[in-house]
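These notes are about the structure you will find just below.
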Amino acid sequence: MSMIGNMALATALLVSGVGSALAATEADYKAALAAAESAEKDAATLRNRWTKTESTLAAAKKAAAAGDFDAAAASAREAEALAKASILQATSEKTHWKDMEIR
Amino acid sequence: MRVRTILLTVAAALSTAALACFAASAIAAPDTPDPVADAKAFRKYFTDKFPKVKLEDFVNGPYSMNEDMRKQWKEKEEFPPYEFALDAGKEMFSKPFKDGKTYADCFPNGGIGIRQNYPYFDEKEGKVITLELAINRCREANGEAPYSYVKDEMASLTAYMAFTSRGKPMDIKIPNDPRALAAYENGKRYFYTRRGQLNFSCASCHVQSAGEHIRAEVLAPALGIMNALPIYRSEWGGMGTTSRRLVSCNSQTRAVPLEPQSDEYRDVEYFLSYVANGLPISGPGSRP
């Protein structure tokens, strides 16, 4: 295959790759939502949910209800990241709260 | 020779272990719960930070540390915005329940002049009992529906009860019960723990930044902060209970608030009230 042919194939693969990364399916959304809700459940167990995680989860569900699975999956992934950050905060603070204590 | 070497090794190991134990106890010592030392250190922190503020004045929050605000507050106190709540609370307090009893039947001294003793640790239940919780338990015991912990009725009742205790020094006891000490420690941990997306603890605002501006507001010092509750807040356009104050503080840091009267909220109220022992009750208060 010529160099131009190789470049065309590579470009086509790249474009198709990007395309599949952007076009989320309902299944992608559901998987992302399940992961986010699982992380948020752990945050709740630690008594440390964040309001932003809750509103981002709500945004994901709203986008899914409107059939926009790209936005829904993106919001669900963001919610999972936020929930994981709140878990990290709660875990870290189990000992670090003492740093702020007046002694 | 071999035995001697073993003996020397054992002796060295024992002395190392003893040293390690000593070191551990030396390090662990500051973590041993000591509410008396905590209260002393807490008071010292604020009196050192604000040497011009009289100790008993810390209960007046931002008005103790900002002269302009203090002048406005003094003028406002001539016709205080919590006056309507006080009148309503007095009426509610004396109105009999359906069974003919009143709040006076549920509280020591008929419920008058007792605010300074709340919250207390109930050794039967093994938990902290706040004034708001005790009021709702009184209602339920007499066949009445409990009040919302964040709405006007509870604020009015506690405003009246606080008013009858004005000037009395906060007097919170930690009984000789490991559960009481655990509740105090849990409250302390909650107070200093960072939470929410903004990564703030209660102490971020009310210890580290007390007296500083957050937008147009001056942050109240944590010392004596419970003594002024409940409060009328211009920002809320009405009265707020202790529960409402804690819930809204959590929301402001973008943390999902806990349920009112959860163990954590009861315990943090216990901690903050204990370290303010001796400071006068100033509630109901008013804040911008």
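Ordered as shown in the structure tokens, chains take letters A, B, and onward, while each chain numbers its residues from 1 and ligands are numbered from 1 in the order shown.
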
Requested in this report: Using only C-alpha atoms, determine which residues of chain A fall within 9 Å of chain B; present them as a list in words.
Outcome: Arg47, Asn48, Arg49, Trp50, Thr51, Lys52, Thr53, Glu54, Leu82, Ala85, Ser86, Gln89, Ala90, Glu93, Lys94, His96, Trp97, Lys98, Asp99, Met100, Glu101, Ile102 and Arg103 of chain A

Preceding selection exported with N, CA and C atoms as a JSON list (two decimals), in the first residue's frame:
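Listing of result11.json after writing:
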```
[["chain", "number", "residue", "atom", "x", "y", "z"],
["A", 47, "ARG", "N", -20.49, 8.70, 55.00],
["A", 47, "ARG", "CA", -21.19, 9.93, 55.42],
["A", 47, "ARG", "C", -20.56, 11.17, 54.78],
["A", 48, "ASN", "N", -20.19, 11.03, 53.52],
["A", 48, "ASN", "CA", -19.49, 12.14, 52.86],
["A", 48, "ASN", "C", -19.88, 12.26, 51.39],
["A", 49, "ARG", "N", -21.19, 12.40, 51.14],
["A", 49, "ARG", "CA", -21.60, 12.66, 49.76],
["A", 49, "ARG", "C", -21.42, 14.14, 49.45],
["A", 50, "TRP", "N", -21.19, 14.44, 48.19],
["A", 50, "TRP", "CA", -21.07, 15.83, 47.75],
["A", 50, "TRP", "C", -22.31, 16.22, 46.95],
["A", 51, "THR", "N", -22.73, 17.46, 47.10],
["A", 51, "THR", "CA", -23.92, 17.92, 46.37],
["A", 51, "THR", "C", -23.67, 17.89, 44.86],
["A", 52, "LYS", "N", -22.43, 18.15, 44.45],
["A", 52, "LYS", "CA", -22.12, 18.18, 43.02],
["A", 52, "LYS", "C", -22.24, 16.77, 42.41],
["A", 53, "THR", "N", -21.89, 15.76, 43.17],
["A", 53, "THR", "CA", -22.04, 14.39, 42.67],
["A", 53, "THR", "C", -23.52, 14.10, 42.44],
["A", 54, "GLU", "N", -24.34, 14.50, 43.40],
["A", 54, "GLU", "CA", -25.79, 14.25, 43.29],
["A", 54, "GLU", "C", -26.38, 14.98, 42.08],
["A", 82, "LEU", "N", -16.30, 12.30, 40.77],
["A", 82, "LEU", "CA", -16.60, 13.13, 41.96],
["A", 82, "LEU", "C", -16.80, 12.26, 43.19],
["A", 85, "ALA", "N", -13.61, 11.02, 44.45],
["A", 85, "ALA", "CA", -12.86, 12.09, 45.14],
["A", 85, "ALA", "C", -13.39, 12.27, 46.57],
["A", 86, "SER", "N", -14.71, 12.16, 46.72],
["A", 86, "SER", "CA", -15.28, 12.32, 48.07],
["A", 86, "SER", "C", -14.88, 11.15, 48.97],
["A", 89, "GLN", "N", -11.37, 11.81, 50.01],
["A", 89, "GLN", "CA", -11.36, 12.85, 51.06],
["A", 89, "GLN", "C", -11.72, 12.26, 52.42],
["A", 90, "ALA", "N", -12.81, 11.48, 52.45],
["A", 90, "ALA", "CA", -13.26, 10.90, 53.72],
["A", 90, "ALA", "C", -12.21, 9.95, 54.29],
["A", 93, "GLU", "N", -9.25, 11.99, 55.56],
["A", 93, "GLU", "CA", -9.58, 12.79, 56.75],
["A", 93, "GLU", "C", -9.72, 11.95, 58.03],
["A", 94, "LYS", "N", -9.78, 10.64, 57.87],
["A", 94, "LYS", "CA", -9.88, 9.79, 59.07],
["A", 94, "LYS", "C", -8.71, 10.04, 60.01],
["A", 96, "HIS", "N", -6.25, 12.80, 59.00],
["A", 96, "HIS", "CA", -5.75, 14.16, 58.79],
["A", 96, "HIS", "C", -6.53, 15.25, 59.52],
["A", 97, "TRP", "N", -7.74, 14.92, 60.02],
["A", 97, "TRP", "CA", -8.48, 15.97, 60.74],
["A", 97, "TRP", "C", -7.68, 16.48, 61.94],
["A", 98, "LYS", "N", -6.83, 15.63, 62.46],
["A", 98, "LYS", "CA", -6.06, 16.03, 63.64],
["A", 98, "LYS", "C", -5.07, 17.16, 63.33],
["A", 99, "ASP", "N", -4.72, 17.29, 62.04],
["A", 99, "ASP", "CA", -3.78, 18.36, 61.67],
["A", 99, "ASP", "C", -4.35, 19.74, 61.99],
["A", 100, "MET", "N", -5.69, 19.84, 61.99],
["A", 100, "MET", "CA", -6.32, 21.14, 62.17],
["A", 100, "MET", "C", -6.70, 21.40, 63.63],
["A", 101, "GLU", "N", -6.55, 20.39, 64.44],
["A", 101, "GLU", "CA", -7.02, 20.49, 65.83],
["A", 101, "GLU", "C", -6.24, 21.53, 66.64],
["A", 102, "ILE", "N", -6.98, 22.30, 67.42],
["A", 102, "ILE", "CA", -6.35, 23.24, 68.35],
["A", 102, "ILE", "C", -5.84, 22.42, 69.53],
["A", 103, "ARG", "N", -4.57, 22.55, 69.83],
["A", 103, "ARG", "CA", -3.99, 21.79, 70.95],
["A", 103, "ARG", "C", -3.34, 22.74, 71.94]]
```

Can you tell me which residues surround A:Ala35 at a distance of at most 12 Å, considering only C-alpha atoms, apart from same-chain residues fewer than 2 positions away, and format the answer as a PDB file with C-alpha atoms, in the first residue's frame?
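Written output follows (part.pdb):
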```
ATOM      1  CA  ASP A  28     -22.404   2.636  27.826  1.00  0.00           C
ATOM      2  CA  TYR A  29     -24.513   5.055  29.845  1.00  0.00           C
ATOM      3  CA  LYS A  30     -25.964   2.292  32.007  1.00  0.00           C
ATOM      4  CA  ALA A  31     -22.504   0.897  32.758  1.00  0.00           C
ATOM      5  CA  ALA A  32     -21.187   4.370  33.634  1.00  0.00           C
ATOM      6  CA  LEU A  33     -24.237   5.083  35.790  1.00  0.00           C
ATOM      7  CA  GLU A  37     -23.970   4.943  41.781  1.00  0.00           C
ATOM      8  CA  SER A  38     -21.807   2.256  43.324  1.00  0.00           C
ATOM      9  CA  ALA A  39     -19.118   4.821  44.190  1.00  0.00           C
ATOM     10  CA  GLU A  40     -21.718   7.232  45.557  1.00  0.00           C
ATOM     11  CA  LYS A  41     -23.127   4.454  47.729  1.00  0.00           C
ATOM     12  CA  ASP A  42     -19.652   3.993  49.216  1.00  0.00           C
ATOM     13  CA  LEU A  57     -25.990  12.044  38.638  1.00  0.00           C
ATOM     14  CA  ALA A  73     -22.534   8.807  29.829  1.00  0.00           C
ATOM     15  CA  SER A  75     -22.167  13.066  33.221  1.00  0.00           C
ATOM     16  CA  ALA A  76     -22.224   9.608  34.780  1.00  0.00           C
ATOM     17  CA  ARG A  77     -18.452   9.311  34.369  1.00  0.00           C
ATOM     18  CA  GLU A  78     -18.003  12.754  35.912  1.00  0.00           C
ATOM     19  CA  ALA A  79     -20.255  11.730  38.813  1.00  0.00           C
ATOM     20  CA  GLU A  80     -18.166   8.625  39.384  1.00  0.00           C
ATOM     21  CA  ALA A  81     -14.980  10.727  39.466  1.00  0.00           C
ATOM     22  CA  LEU A  82     -16.595  13.132  41.959  1.00  0.00           C
ATOM     23  CA  ALA A  83     -17.812  10.277  44.157  1.00  0.00           C
ATOM     24  CA  LYS A  84     -14.353   8.735  44.147  1.00  0.00           C
TER      25      LYS A  84
END
```

Query raised in the report: atom CA of B:Ser94 and atom CA of B:Glu269, how far apart in Å?
Result: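 Taking atom CA of B:Glu269 and atom CA of B:Ser94, their separation equals 26.7 Å.
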
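Residue nearest A:Leu88 within the list A:Ala36, A:Leu46, A:Ala27, A:Ala64: A:Leu46 [criterion: smallest interatomic distance, only C-alpha atoms].
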
Report task. Enumerate as a ChimeraX atom specification all residues of stretch 159-288 of chain B assigned to alpha helix (DSSP H) by DSSP on the backbone, naming them with the chain letters and numbers the document uses. Result -> /B:159-163,178-192,202-203,242-252,263-274

Query raised in the report: So how far away is atom CA of B:Asn186 from atom CA of A:Ser92, in Å?
Result: 16.4 Å

Report task. Considering only C-alpha atoms, state which residue in the set B:Arg287, B:Gly111, B:Tyr147, B:Trp236 is at the smallest distance from B:Pro260. Result ->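 When distances to B:Pro260 are compared using only C-alpha atoms, the smallest one comes from B:Tyr147.
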
Query raised in the report: B:Lys74: which residues within 12 Å, counting only C-alpha atoms, same-chain residues fewer than 5 positions away excluded, as a PyMOL selection string?
Result: chain B and resi 60+63-64+67-69+79-80+285-287

Query raised in the report: How many Å separate atom CA of B:Glu77 from atom CA of B:Phe58?
Result: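 Separation of atom CA of B:Glu77 and atom CA of B:Phe58: 17.0 Å.
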
Report task. Within 7 Å of B:Cys138, counting only C-alpha atoms, which residues show up once you throw out same-chain ones fewer than 4 positions away? Write them as a PyMOL selection string, please. Result -> chain B and resi 103+106+134+142
